[in-house]
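File shown: data_38.pdb (PDB, C-alpha atoms).
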```
MODEL        1
ATOM      1  CA  MET A   1       0.000   0.000   0.000
ATOM      2  CA  ALA A   2       1.700   3.184  -1.174
ATOM      3  CA  THR A   3       2.394   6.018   1.236
ATOM      4  CA  HIS A   4       4.479   9.162   0.984
ATOM      5  CA  GLU A   5       5.643  12.119   3.059
ATOM      6  CA  SER A   6       2.369  14.032   3.270
ATOM      7  CA  PRO A   7       2.381  17.323   5.165
ATOM      8  CA  MET A   8       0.992  17.115   8.695
ATOM      9  CA  ARG A   9      -1.741  19.430   9.958
ATOM     10  CA  TYR A  10      -0.371  19.301  13.508
ATOM     11  CA  GLU A  11       3.317  18.791  14.099
ATOM     12  CA  GLU A  12       4.224  19.809  17.621
ATOM     13  CA  ASP A  13       7.779  19.990  18.857
ATOM     14  CA  GLY A  14       9.436  21.016  22.125
ATOM     15  CA  ASN A  15       8.931  19.152  25.382
ATOM     16  CA  VAL A  16       6.324  16.465  25.954
ATOM     17  CA  HIS A  17       3.951  16.582  28.938
ATOM     18  CA  LEU A  18       2.951  12.961  29.465
ATOM     19  CA  ASP A  19       0.836  13.776  32.522
ATOM     20  CA  PHE A  20      -1.882  14.862  30.085
ATOM     21  CA  HIS A  21      -2.544  11.150  29.626
ATOM     22  CA  GLY A  22      -3.487  11.033  33.321
ATOM     23  CA  ALA A  23      -6.020  13.808  32.711
ATOM     24  CA  THR A  24      -7.360  11.856  29.730
ATOM     25  CA  ASN A  25      -7.831   8.824  31.981
ATOM     26  CA  THR A  26      -9.669  10.928  34.585
ATOM     27  CA  THR A  27     -11.799  12.427  31.824
ATOM     28  CA  ILE A  28     -12.780   9.032  30.424
ATOM     29  CA  ASP A  29     -13.778   7.782  33.888
ATOM     30  CA  PHE A  30     -15.817  10.964  34.469
ATOM     31  CA  ILE A  31     -17.692  10.888  31.169
ATOM     32  CA  VAL A  32     -18.378   7.133  31.235
ATOM     33  CA  GLU A  33     -19.610   7.225  34.845
ATOM     34  CA  ARG A  34     -21.913  10.214  34.315
ATOM     35  CA  PHE A  35     -23.014   9.918  30.689
ATOM     36  CA  GLY A  36     -22.178   6.376  29.586
ATOM     37  CA  VAL A  37     -19.842   4.752  27.101
ATOM     38  CA  ASP A  38     -21.890   5.884  24.114
ATOM     39  CA  ALA A  39     -21.339   9.544  25.039
ATOM     40  CA  MET A  40     -17.595   8.950  25.403
ATOM     41  CA  ASP A  41     -17.480   7.155  22.070
ATOM     42  CA  ALA A  42     -19.346  10.015  20.400
ATOM     43  CA  ILE A  43     -16.744  12.504  21.688
ATOM     44  CA  PHE A  44     -13.870  10.329  20.457
ATOM     45  CA  ARG A  45     -15.559  10.067  17.046
ATOM     46  CA  LYS A  46     -15.899  13.833  16.971
ATOM     47  CA  VAL A  47     -12.166  14.134  17.667
ATOM     48  CA  GLY A  48     -11.506  11.736  14.783
ATOM     49  CA  ARG A  49     -13.771  13.583  12.365
ATOM     50  CA  ASP A  50     -13.210  17.214  13.386
ATOM     51  CA  VAL A  51      -9.803  17.590  15.059
ATOM     52  CA  TYR A  52      -8.264  15.149  12.576
ATOM     53  CA  ALA A  53     -10.277  16.440   9.610
ATOM     54  CA  SER A  54      -7.105  16.815   7.564
ATOM     55  CA  ILE A  55      -6.052  13.179   8.041
ATOM     56  CA  ARG A  56      -9.612  12.064   7.276
ATOM     57  CA  SER A  57      -9.750  14.226   4.175
ATOM     58  CA  ASP A  58      -6.540  12.590   2.914
ATOM     59  CA  LEU A  59      -7.904   9.117   3.651
ATOM     60  CA  ILE A  60     -11.068   9.920   1.713
ATOM     61  CA  THR A  61      -8.908  10.699  -1.322
ATOM     62  CA  GLY A  62      -7.062   7.408  -0.832
ATOM     63  CA  ASP A  63      -3.924   8.879   0.764
ATOM     64  CA  THR A  64      -2.709   7.171   3.945
ATOM     65  CA  GLY A  65       0.532   9.185   4.108
ATOM     66  CA  GLN A  66      -0.459  11.773   6.681
ATOM     67  CA  LEU A  67      -1.819   9.195   9.118
ATOM     68  CA  VAL A  68       1.354   7.099   8.898
ATOM     69  CA  ARG A  69       3.502  10.172   9.405
ATOM     70  CA  HIS A  70       1.278  11.247  12.330
ATOM     71  CA  TRP A  71       1.777   7.841  13.949
ATOM     72  CA  ARG A  72       5.551   7.999  13.500
ATOM     73  CA  HIS A  73       5.870  11.590  14.717
ATOM     74  CA  PHE A  74       3.844  11.207  17.896
ATOM     75  CA  PHE A  75       4.896   7.678  18.881
ATOM     76  CA  ASP A  76       8.519   8.837  18.460
ATOM     77  CA  ARG A  77       7.892  11.951  20.537
ATOM     78  CA  GLU A  78       6.436   9.849  23.341
ATOM     79  CA  GLY A  79       9.157   7.194  23.159
ATOM     80  CA  ALA A  80       6.847   4.272  22.399
ATOM     81  CA  ASP A  81       8.121   0.868  21.311
ATOM     82  CA  TYR A  82       6.434   0.283  17.974
ATOM     83  CA  ASP A  83       6.935  -0.395  14.310
ATOM     84  CA  ILE A  84       5.010   0.196  11.122
ATOM     85  CA  GLU A  85       4.944  -2.256   8.245
ATOM     86  CA  ILE A  86       3.740  -0.966   4.911
ATOM     87  CA  GLY A  87       2.563  -3.879   2.790
ATOM     88  CA  GLU A  88       0.822  -4.323  -0.540
ATOM     89  CA  ASP A  89      -2.643  -4.650   0.974
ATOM     90  CA  GLU A  90      -2.404  -3.154   4.416
ATOM     91  CA  ILE A  91      -0.424  -0.960   6.784
ATOM     92  CA  VAL A  92       0.160  -2.432  10.221
ATOM     93  CA  LEU A  93       1.142  -0.431  13.288
ATOM     94  CA  THR A  94       2.332  -2.739  16.050
ATOM     95  CA  VAL A  95       2.587  -1.034  19.430
ATOM     96  CA  ARG A  96       4.566  -3.195  21.817
ATOM     97  CA  ARG A  97       4.712  -0.618  24.603
ATOM     98  CA  CYS A  98       2.302   2.294  24.603
ATOM     99  CA  THR A  99       3.804   5.182  26.553
ATOM    100  CA  ALA A 100       0.373   6.654  27.317
ATOM    101  CA  TRP A 101      -1.015   3.460  28.880
ATOM    102  CA  HIS A 102       2.107   2.773  30.939
ATOM    103  CA  HIS A 103       2.415   6.382  32.086
ATOM    104  CA  VAL A 104      -1.148   6.313  33.424
ATOM    105  CA  LYS A 105      -0.568   2.950  35.083
ATOM    106  CA  ALA A 106       2.515   4.301  36.853
ATOM    107  CA  LEU A 107       0.853   7.610  37.738
ATOM    108  CA  VAL A 108      -2.491   6.488  39.136
ATOM    109  CA  GLY A 109      -2.328   2.705  39.279
ATOM    110  CA  HIS A 110      -5.663   2.391  37.486
ATOM    111  CA  VAL A 111      -6.089   2.551  33.740
ATOM    112  CA  SER A 112      -9.693   2.986  32.640
ATOM    113  CA  PRO A 113     -11.048  -0.100  30.848
ATOM    114  CA  HIS A 114     -12.091   2.403  28.177
ATOM    115  CA  PHE A 115      -8.676   4.090  27.885
ATOM    116  CA  CYS A 116      -7.834   2.493  24.551
ATOM    117  CA  ASP A 117     -11.237   3.437  23.112
ATOM    118  CA  GLN A 118      -9.575   6.773  22.311
ATOM    119  CA  THR A 119      -7.531   4.876  19.708
ATOM    120  CA  SER A 120     -10.250   2.567  18.378
ATOM    121  CA  ARG A 121     -12.975   5.191  18.041
ATOM    122  CA  THR A 122     -10.811   7.979  16.598
ATOM    123  CA  ASN A 123      -9.334   5.518  14.098
ATOM    124  CA  GLU A 124     -12.826   4.446  13.007
ATOM    125  CA  ALA A 125     -13.970   8.047  12.688
ATOM    126  CA  MET A 126     -10.925   9.139  10.682
ATOM    127  CA  ALA A 127     -11.654   6.340   8.221
ATOM    128  CA  GLU A 128     -15.376   7.124   7.882
ATOM    129  CA  GLY A 129     -16.347   7.715   4.258
ATOM    130  CA  SER A 130     -12.903   6.643   3.029
ATOM    131  CA  PRO A 131     -11.898   3.565   1.037
ATOM    132  CA  PHE A 132     -10.132   2.289   4.175
ATOM    133  CA  ALA A 133     -11.098   0.662   7.440
ATOM    134  CA  ILE A 134      -8.813   1.088  10.447
ATOM    135  CA  THR A 135      -9.116  -1.664  13.007
ATOM    136  CA  THR A 136      -7.566  -1.695  16.452
ATOM    137  CA  GLU A 137      -6.862  -4.963  18.222
ATOM    138  CA  LEU A 138      -5.731  -4.791  21.840
ATOM    139  CA  THR A 139      -3.034  -7.416  22.251
ATOM    140  CA  GLY A 140      -2.226  -6.913  25.931
ATOM    141  CA  GLU A 141      -1.758  -4.233  28.569
ATOM    142  CA  GLY A 142      -0.443  -1.185  26.740
ATOM    143  CA  SER A 143      -0.016  -2.981  23.459
ATOM    144  CA  CYS A 144      -2.093  -3.146  20.309
ATOM    145  CA  ARG A 145      -2.129  -3.728  16.579
ATOM    146  CA  GLN A 146      -3.699  -1.120  14.317
ATOM    147  CA  VAL A 147      -4.375  -2.010  10.695
ATOM    148  CA  ILE A 148      -5.285   0.216   7.759
ATOM    149  CA  ALA A 149      -6.761  -1.880   4.962
ATOM    150  CA  ARG A 150      -8.960  -1.223   1.963
ATOM    151  CA  ARG A 151     -12.591  -2.019   2.632
ATOM    152  CA  ALA A 152     -13.823  -5.171   0.898
TER
ATOM    153  CA  MET B   1      -3.645   7.144  21.150
ATOM    154  CA  ILE B   2      -4.519  10.774  21.266
ATOM    155  CA  PRO B   3      -0.999  12.218  21.670
ATOM    156  CA  SER B   4      -0.333  14.208  24.833
ATOM    157  CA  ASP B   5       0.481  17.066  22.436
ATOM    158  CA  HIS B   6      -3.173  16.976  21.345
ATOM    159  CA  PHE B   7      -4.761  16.672  24.775
ATOM    160  CA  THR B   8      -5.983  20.270  24.731
ATOM    161  CA  ARG B   9      -7.862  19.697  21.463
ATOM    162  CA  PHE B  10      -9.515  16.647  23.074
ATOM    163  CA  TYR B  11     -10.204  18.737  26.225
ATOM    164  CA  ASN B  12     -11.904  21.309  23.998
ATOM    165  CA  GLU B  13     -14.300  18.656  22.660
ATOM    166  CA  ILE B  14     -15.051  17.527  26.219
ATOM    167  CA  PHE B  15     -15.889  21.104  27.237
ATOM    168  CA  LYS B  16     -18.239  21.528  24.279
ATOM    169  CA  PHE B  17     -20.061  18.315  25.177
ATOM    170  CA  LEU B  18     -20.324  19.216  28.865
ATOM    171  CA  GLU B  19     -21.490  22.748  28.135
ATOM    172  CA  SER B  20     -24.335  21.190  26.120
ATOM    173  CA  GLN B  21     -25.254  19.217  29.277
ATOM    174  CA  GLY B  22     -25.403  22.310  31.511
ATOM    175  CA  GLU B  23     -23.211  24.357  33.820
ATOM    176  CA  GLU B  24     -23.385  21.795  36.626
ATOM    177  CA  ALA B  25     -21.801  19.143  34.395
ATOM    178  CA  LEU B  26     -18.992  21.489  33.390
ATOM    179  CA  GLU B  27     -18.261  22.469  36.995
ATOM    180  CA  ALA B  28     -18.350  18.846  38.177
ATOM    181  CA  TYR B  29     -15.751  18.051  35.520
ATOM    182  CA  TRP B  30     -13.470  20.908  36.547
ATOM    183  CA  LEU B  31     -13.659  19.569  40.105
ATOM    184  CA  ALA B  32     -12.742  16.071  38.881
ATOM    185  CA  ILE B  33      -9.736  17.512  37.038
ATOM    186  CA  SER B  34      -8.844  19.554  40.119
ATOM    187  CA  LYS B  35      -8.858  16.351  42.177
ATOM    188  CA  ASN B  36      -6.655  14.711  39.547
ATOM    189  CA  GLN B  37      -4.205  17.613  39.686
ATOM    190  CA  GLU B  38      -3.929  17.403  43.460
ATOM    191  CA  ARG B  39      -1.512  14.498  43.014
ATOM    192  CA  HIS B  40       0.879  16.871  41.252
ATOM    193  CA  ILE B  41       0.596  20.045  43.350
ATOM    194  CA  LEU B  42      -1.176  19.558  46.690
ATOM    195  CA  GLU B  43       1.774  18.277  48.721
ATOM    196  CA  LEU B  44       4.029  20.996  47.299
ATOM    197  CA  ILE B  45       1.594  23.676  48.486
ATOM    198  CA  GLN B  46       0.977  22.065  51.860
ATOM    199  CA  THR B  47       4.693  21.712  52.593
ATOM    200  CA  GLN B  48       6.189  24.761  50.845
ATOM    201  CA  GLY B  49       3.345  27.213  50.246
ATOM    202  CA  LEU B  50       3.975  29.764  47.495
ATOM    203  CA  ALA B  51       7.469  28.338  46.940
ATOM    204  CA  GLY B  52       5.902  24.945  46.214
ATOM    205  CA  MET B  53       3.546  26.539  43.683
ATOM    206  CA  TYR B  54       6.505  28.249  42.053
ATOM    207  CA  GLU B  55       8.277  24.904  41.783
ATOM    208  CA  TYR B  56       5.192  23.284  40.217
ATOM    209  CA  TRP B  57       4.616  26.007  37.621
ATOM    210  CA  LEU B  58       8.294  26.245  36.765
ATOM    211  CA  HIS B  59       8.104  22.552  35.839
ATOM    212  CA  ILE B  60       4.904  23.187  33.830
ATOM    213  CA  LYS B  61       6.464  26.181  32.052
ATOM    214  CA  ILE B  62       9.246  23.923  30.763
ATOM    215  CA  GLU B  63       7.311  20.737  30.113
ATOM    216  CA  GLU B  64       4.293  22.404  28.463
ATOM    217  CA  ASN B  65       6.455  24.824  26.439
ATOM    218  CA  CYS B  66       4.823  27.925  27.943
ATOM    219  CA  ASP B  67       5.956  31.449  27.168
ATOM    220  CA  MET B  68       5.342  32.485  30.764
ATOM    221  CA  ASP B  69       6.997  34.762  33.316
ATOM    222  CA  LEU B  70       6.928  33.659  36.934
ATOM    223  CA  ASP B  71       7.404  36.268  39.629
ATOM    224  CA  PHE B  72       7.606  34.981  43.175
ATOM    225  CA  ASN B  73       8.004  36.856  46.423
ATOM    226  CA  GLU B  74       6.962  36.086  49.964
ATOM    227  CA  ASP B  75       3.577  37.777  49.523
ATOM    228  CA  ARG B  76       2.447  36.393  46.216
ATOM    229  CA  LEU B  77       3.161  34.385  43.125
ATOM    230  CA  GLU B  78       2.417  35.882  39.724
ATOM    231  CA  LEU B  79       2.079  33.819  36.546
ATOM    232  CA  ARG B  80       2.094  36.008  33.481
ATOM    233  CA  MET B  81       1.248  33.862  30.477
ATOM    234  CA  ASN B  82       2.493  35.650  27.371
ATOM    235  CA  VAL B  83       1.593  32.852  24.961
ATOM    236  CA  CYS B  84      -0.542  30.061  26.377
ATOM    237  CA  PRO B  85       0.191  26.822  24.492
ATOM    238  CA  SER B  86      -3.122  25.333  25.549
ATOM    239  CA  LEU B  87      -5.412  27.996  24.033
ATOM    240  CA  SER B  88      -2.992  28.445  21.118
ATOM    241  CA  LYS B  89      -3.465  24.805  20.114
ATOM    242  CA  VAL B  90      -7.213  24.993  20.573
ATOM    243  CA  MET B  91      -7.295  27.980  18.245
ATOM    244  CA  ASP B  92      -4.946  26.290  15.754
ATOM    245  CA  ASN B  93      -7.433  23.516  15.276
ATOM    246  CA  ASP B  94      -9.718  22.172  12.560
ATOM    247  CA  ALA B  95     -12.428  21.825  15.230
ATOM    248  CA  ALA B  96     -14.097  24.966  16.596
ATOM    249  CA  PRO B  97     -12.824  26.315  19.928
ATOM    250  CA  MET B  98     -15.176  26.316  22.900
ATOM    251  CA  GLU B  99     -15.811  29.986  23.626
ATOM    252  CA  ARG B 100     -15.163  29.615  27.361
ATOM    253  CA  TYR B 101     -12.089  27.404  26.994
ATOM    254  CA  CYS B 102     -10.022  29.584  29.360
ATOM    255  CA  ASP B 103     -12.470  29.067  32.231
ATOM    256  CA  HIS B 104     -11.137  25.571  32.913
ATOM    257  CA  CYS B 105      -7.876  26.870  34.356
ATOM    258  CA  ALA B 106      -9.610  28.755  37.160
ATOM    259  CA  GLY B 107     -11.978  25.781  37.355
ATOM    260  CA  TRP B 108      -9.261  23.402  38.494
ATOM    261  CA  ILE B 109      -6.766  25.734  40.204
ATOM    262  CA  GLY B 110      -9.308  27.732  42.227
ATOM    263  CA  PRO B 111     -10.644  24.790  44.280
ATOM    264  CA  ILE B 112      -7.076  23.787  45.217
ATOM    265  CA  MET B 113      -6.363  27.344  46.388
ATOM    266  CA  ASP B 114      -9.567  27.304  48.449
ATOM    267  CA  LYS B 115      -8.576  23.978  49.969
ATOM    268  CA  THR B 116      -5.081  25.178  50.906
ATOM    269  CA  GLY B 117      -6.046  28.652  52.160
ATOM    270  CA  TYR B 118      -4.671  30.780  49.322
ATOM    271  CA  HIS B 119      -6.460  33.468  47.319
ATOM    272  CA  MET B 120      -6.296  33.533  43.546
ATOM    273  CA  VAL B 121      -6.946  36.468  41.254
ATOM    274  CA  TYR B 122      -7.220  35.095  37.755
ATOM    275  CA  ASP B 123      -7.408  37.725  35.001
ATOM    276  CA  VAL B 124      -8.126  36.059  31.653
ATOM    277  CA  ILE B 125      -7.965  39.521  29.999
ATOM    278  CA  ASP B 126      -9.620  38.322  26.767
ATOM    279  CA  ARG B 127     -10.878  34.779  26.088
ATOM    280  CA  THR B 128      -9.836  35.017  22.430
ATOM    281  CA  LYS B 129      -6.176  35.731  23.167
ATOM    282  CA  PRO B 130      -3.722  33.163  24.569
ATOM    283  CA  GLN B 131      -2.555  35.301  27.464
ATOM    284  CA  CYS B 132      -3.579  35.785  31.081
ATOM    285  CA  VAL B 133      -2.288  36.861  34.470
ATOM    286  CA  THR B 134      -2.793  34.844  37.647
ATOM    287  CA  ARG B 135      -1.813  36.151  41.056
ATOM    288  CA  ILE B 136      -1.968  34.036  44.183
ATOM    289  CA  PHE B 137      -1.871  35.599  47.636
ATOM    290  CA  LYS B 138      -1.804  34.333  51.172
ATOM    291  CA  ASP B 139      -3.462  37.554  52.387
ATOM    292  CA  PRO B 140      -7.132  37.846  51.282
ATOM    293  CA  GLU B 141      -7.044  41.646  51.523
ATOM    294  CA  LYS B 142      -4.188  41.847  49.010
ATOM    295  CA  ALA B 143      -6.148  39.537  46.688
ATOM    296  CA  ARG B 144      -9.244  41.717  46.909
ATOM    297  CA  ALA B 145      -7.160  44.798  46.125
ATOM    298  CA  ALA B 146      -5.610  43.060  43.098
ATOM    299  CA  GLU B 147      -9.043  42.086  41.758
ATOM    300  CA  LYS B 148      -9.725  45.750  41.017
ATOM    301  CA  ASP B 149      -7.074  45.780  38.284
ATOM    302  CA  ALA B 150      -8.388  42.699  36.474
ATOM    303  CA  LYS B 151      -9.862  43.122  32.986
ATOM    304  CA  LEU B 152     -11.775  39.824  32.916
ATOM    305  CA  LEU B 153     -11.861  38.208  36.326
ATOM    306  CA  MET B 154     -12.554  34.469  36.443
ATOM    307  CA  GLY B 155     -14.472  32.633  39.142
ATOM    308  CA  TRP B 156     -14.615  28.896  39.792
ATOM    309  CA  PRO B 157     -16.916  26.382  41.493
ATOM    310  CA  GLY B 158     -17.706  27.779  44.932
ATOM    311  CA  HIS B 159     -16.225  31.192  44.099
ATOM    312  CA  LYS B 160     -18.411  33.209  41.770
ATOM    313  CA  VAL B 161     -17.411  36.680  40.633
ATOM    314  CA  GLY B 162     -19.321  39.526  39.045
TER
ENDMDL
END
```
Please, can you express the file's structure as structure tokens?
Amino acid sequence: MATHESPMRYEEDGNVHLDFHGATNTTIDFIVERFGVDAMDAIFRKVGRDVYASIRSDLITGDTGQLVRHWRHFFDREGADYDIEIGEDEIVLTVRRCTAWHHVKALVGHVSPHFCDQTSRTNEAMAEGSPFAITTELTGEGSCRQVIARRA
Amino acid sequence: MIPSDHFTRFYNEIFKFLESQGEEALEAYWLAISKNQERHILELIQTQGLAGMYEYWLHIKIEENCDMDLDFNEDRLELRMNVCPSLSKVMDNDAAPMERYCDHCAGWIGPIMDKTGYHMVYDVIDRTKPQCVTRIFKDPEKARAAEKDAKLLMGWPGHKVG
């Protein structure tokens, strides 16, 4: 599956404040407890569609480049253990150690059972209306496999 | 993963949702975030007072890439945010900013100041510009005097202004 160096809509540099992941965890617990999982999922989908509108727009035109570059840029910035394989039919992101998950675990001891929904739901929303589906398979604590593949 | 760099854009979506649910929901959330933040700042304040706050925000200034001046003396701590990275990112965003985005800062800091016996004067100045001035006093009279100079004074849960 072809990909190239697409420009990125957001490309932060400078220091990284990992404690924001703790606030994300608190936020997920708060929203799920008060408004339910569906409300949390709807917010994540909105992030995928609206905040990441540029990535979604590229995917709709068949271009996976910005999403792959986004993954590389931010997983590198956070020091995750991961790799990306670009194949003929699919692109596979294998996250062996997710910095966000492990930072929350170390910080508060409790990672929301819905913490990784931020990945699954935003991925699904970014792919909405595009020729691709993005699936997220949780493979363990703080590890997952994300696959971009053309819809059948 | 929503990168930590993009937390504020996620935060912005949370605020928009909660605002649609009513003011009580928004304030309850600020209090939940305030409770979360206690693990980072409460002990510093309880053991070192204003010096502990200075230490906390000096760390934040570096780690969150803030263009911020910190002025600390024995009477008060002043945080002068010249370019707030949080609102800057929310404005540099393909999703619309929540109009009251700045209110969350007073929303989480204020309750911690109330809990620890300090008095905050939080001047947002203008919600559309990424700059603000926060002054924290031990003496309530000095805080009340400083409020008079504020252009857009923020309140927080349990401390309404205006």
Expansion of the PyMOL selection byres ((chain A and resi 112-126) around 10) into residues, as a ChimeraX atom specification: /A:21,24-29,32,37,40-60,67,100-101,104-105,109-111,127-130,132-138,141-144,146-148 /B:1-2,10
List every residue of chain B that has an atom at most 9 Å from any atom of chain A, and for each one report the closest atom pair and its distance in Å to one decimal, counting all atoms listed in the file, with rows sorted by chain and then by increasing residue number, as CSV.
```
residue,atom,partner,partner_atom,distance
B:Met1,CA,A:Thr119,CA,4.7
B:Ile2,CA,A:Gln118,CA,6.5
B:Pro3,CA,A:Phe74,CA,6.2
B:Ser4,CA,A:Phe20,CA,5.5
B:Asp5,CA,A:Glu12,CA,6.7
B:His6,CA,A:Tyr10,CA,8.6
B:Phe7,CA,A:Phe20,CA,6.3
B:Thr8,CA,A:Phe20,CA,8.6
B:Arg9,CA,A:Val51,CA,7.0
B:Phe10,CA,A:Val47,CA,6.5
B:Tyr11,CA,A:Thr24,CA,8.2
B:Glu13,CA,A:Ile43,CA,6.7
B:Ile14,CA,A:Ile43,CA,7.0
B:Phe17,CA,A:Ile43,CA,7.5
B:Ala25,CA,A:Arg34,CA,8.9
B:Tyr29,CA,A:Phe30,CA,7.2
B:Ala32,CA,A:Thr26,CA,7.4
B:Ile33,CA,A:Ala23,CA,6.8
B:Asn36,CA,A:Ala23,CA,6.9
B:Gln37,CA,A:Ala23,CA,8.2
B:Arg39,CA,A:Val108,CA,9.0
B:Ile60,CA,A:His17,CA,8.3
B:Ile62,CA,A:Asn15,CA,7.2
B:Glu63,CA,A:Asn15,CA,5.2
B:Glu64,CA,A:His17,CA,5.9
B:Asn65,CA,A:Asn15,CA,6.3
B:Asp92,CA,A:Tyr10,CA,8.6
B:Asn93,CA,A:Val51,CA,6.4
B:Asp94,CA,A:Val51,CA,5.2
B:Ala95,CA,A:Val51,CA,5.0
B:Ala96,CA,A:Asp50,CA,8.4
```
Between CA of Asp76 (chain A) and CA of His102 (chain A) - distance in Å to one decimal: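 Distance reported for this atom pair: 15.3 Å.
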Quick one: apply the PyMOL selection byres ((chain B and resi 78) around 12) to the file and drop the selected residues here as a JSON list (two decimals) with C-alpha atoms, keeping the file's coordinate frame.
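File selection34.json, as written:
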```
[["chain", "number", "residue", "atom", "x", "y", "z"],
["B", 50, "LEU", "CA", 3.98, 29.76, 47.50],
["B", 51, "ALA", "CA", 7.47, 28.34, 46.94],
["B", 53, "MET", "CA", 3.55, 26.54, 43.68],
["B", 54, "TYR", "CA", 6.50, 28.25, 42.05],
["B", 57, "TRP", "CA", 4.62, 26.01, 37.62],
["B", 58, "LEU", "CA", 8.29, 26.24, 36.76],
["B", 68, "MET", "CA", 5.34, 32.48, 30.76],
["B", 69, "ASP", "CA", 7.00, 34.76, 33.32],
["B", 70, "LEU", "CA", 6.93, 33.66, 36.93],
["B", 71, "ASP", "CA", 7.40, 36.27, 39.63],
["B", 72, "PHE", "CA", 7.61, 34.98, 43.18],
["B", 73, "ASN", "CA", 8.00, 36.86, 46.42],
["B", 74, "GLU", "CA", 6.96, 36.09, 49.96],
["B", 75, "ASP", "CA", 3.58, 37.78, 49.52],
["B", 76, "ARG", "CA", 2.45, 36.39, 46.22],
["B", 77, "LEU", "CA", 3.16, 34.38, 43.12],
["B", 79, "LEU", "CA", 2.08, 33.82, 36.55],
["B", 80, "ARG", "CA", 2.09, 36.01, 33.48],
["B", 81, "MET", "CA", 1.25, 33.86, 30.48],
["B", 119, "HIS", "CA", -6.46, 33.47, 47.32],
["B", 120, "MET", "CA", -6.30, 33.53, 43.55],
["B", 121, "VAL", "CA", -6.95, 36.47, 41.25],
["B", 122, "TYR", "CA", -7.22, 35.10, 37.76],
["B", 123, "ASP", "CA", -7.41, 37.72, 35.00],
["B", 132, "CYS", "CA", -3.58, 35.78, 31.08],
["B", 133, "VAL", "CA", -2.29, 36.86, 34.47],
["B", 134, "THR", "CA", -2.79, 34.84, 37.65],
["B", 135, "ARG", "CA", -1.81, 36.15, 41.06],
["B", 136, "ILE", "CA", -1.97, 34.04, 44.18],
["B", 137, "PHE", "CA", -1.87, 35.60, 47.64],
["B", 143, "ALA", "CA", -6.15, 39.54, 46.69],
["B", 146, "ALA", "CA", -5.61, 43.06, 43.10]]
```
d(CA of Glu27 (chain B), CA of Trp156 (chain B)) in Å: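 Straight-line distance from CA of Glu27 (chain B) to CA of Trp156 (chain B) works out to 7.9 Å.
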Interatomic distance (Å, one decimal) between CA of Tyr82 (chain A) and CA of Arg96 (chain A):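 Value for the CA of Tyr82 (chain A)-CA of Arg96 (chain A) distance: 5.5 Å.
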Work out where the centre of an axis-aligned box around every listed atom of region 85-96 of chain B lies and how long its edges are once 6 Å is added on each side; give both in Å to one decimal as JSON.
```
{"center_x": -7.0, "center_y": 25.1, "center_z": 19.1, "size_x": 26.3, "size_y": 18.6, "size_z": 25.0}
```
Output check: residues returned by the PyMOL selection byres ((chain B and resi 104) around 12), as an MDAnalysis selection string: chainID B and resid 8 11:12 14:16 18:19 26:34 86:87 98:103 105:111 122 124 127 154:157
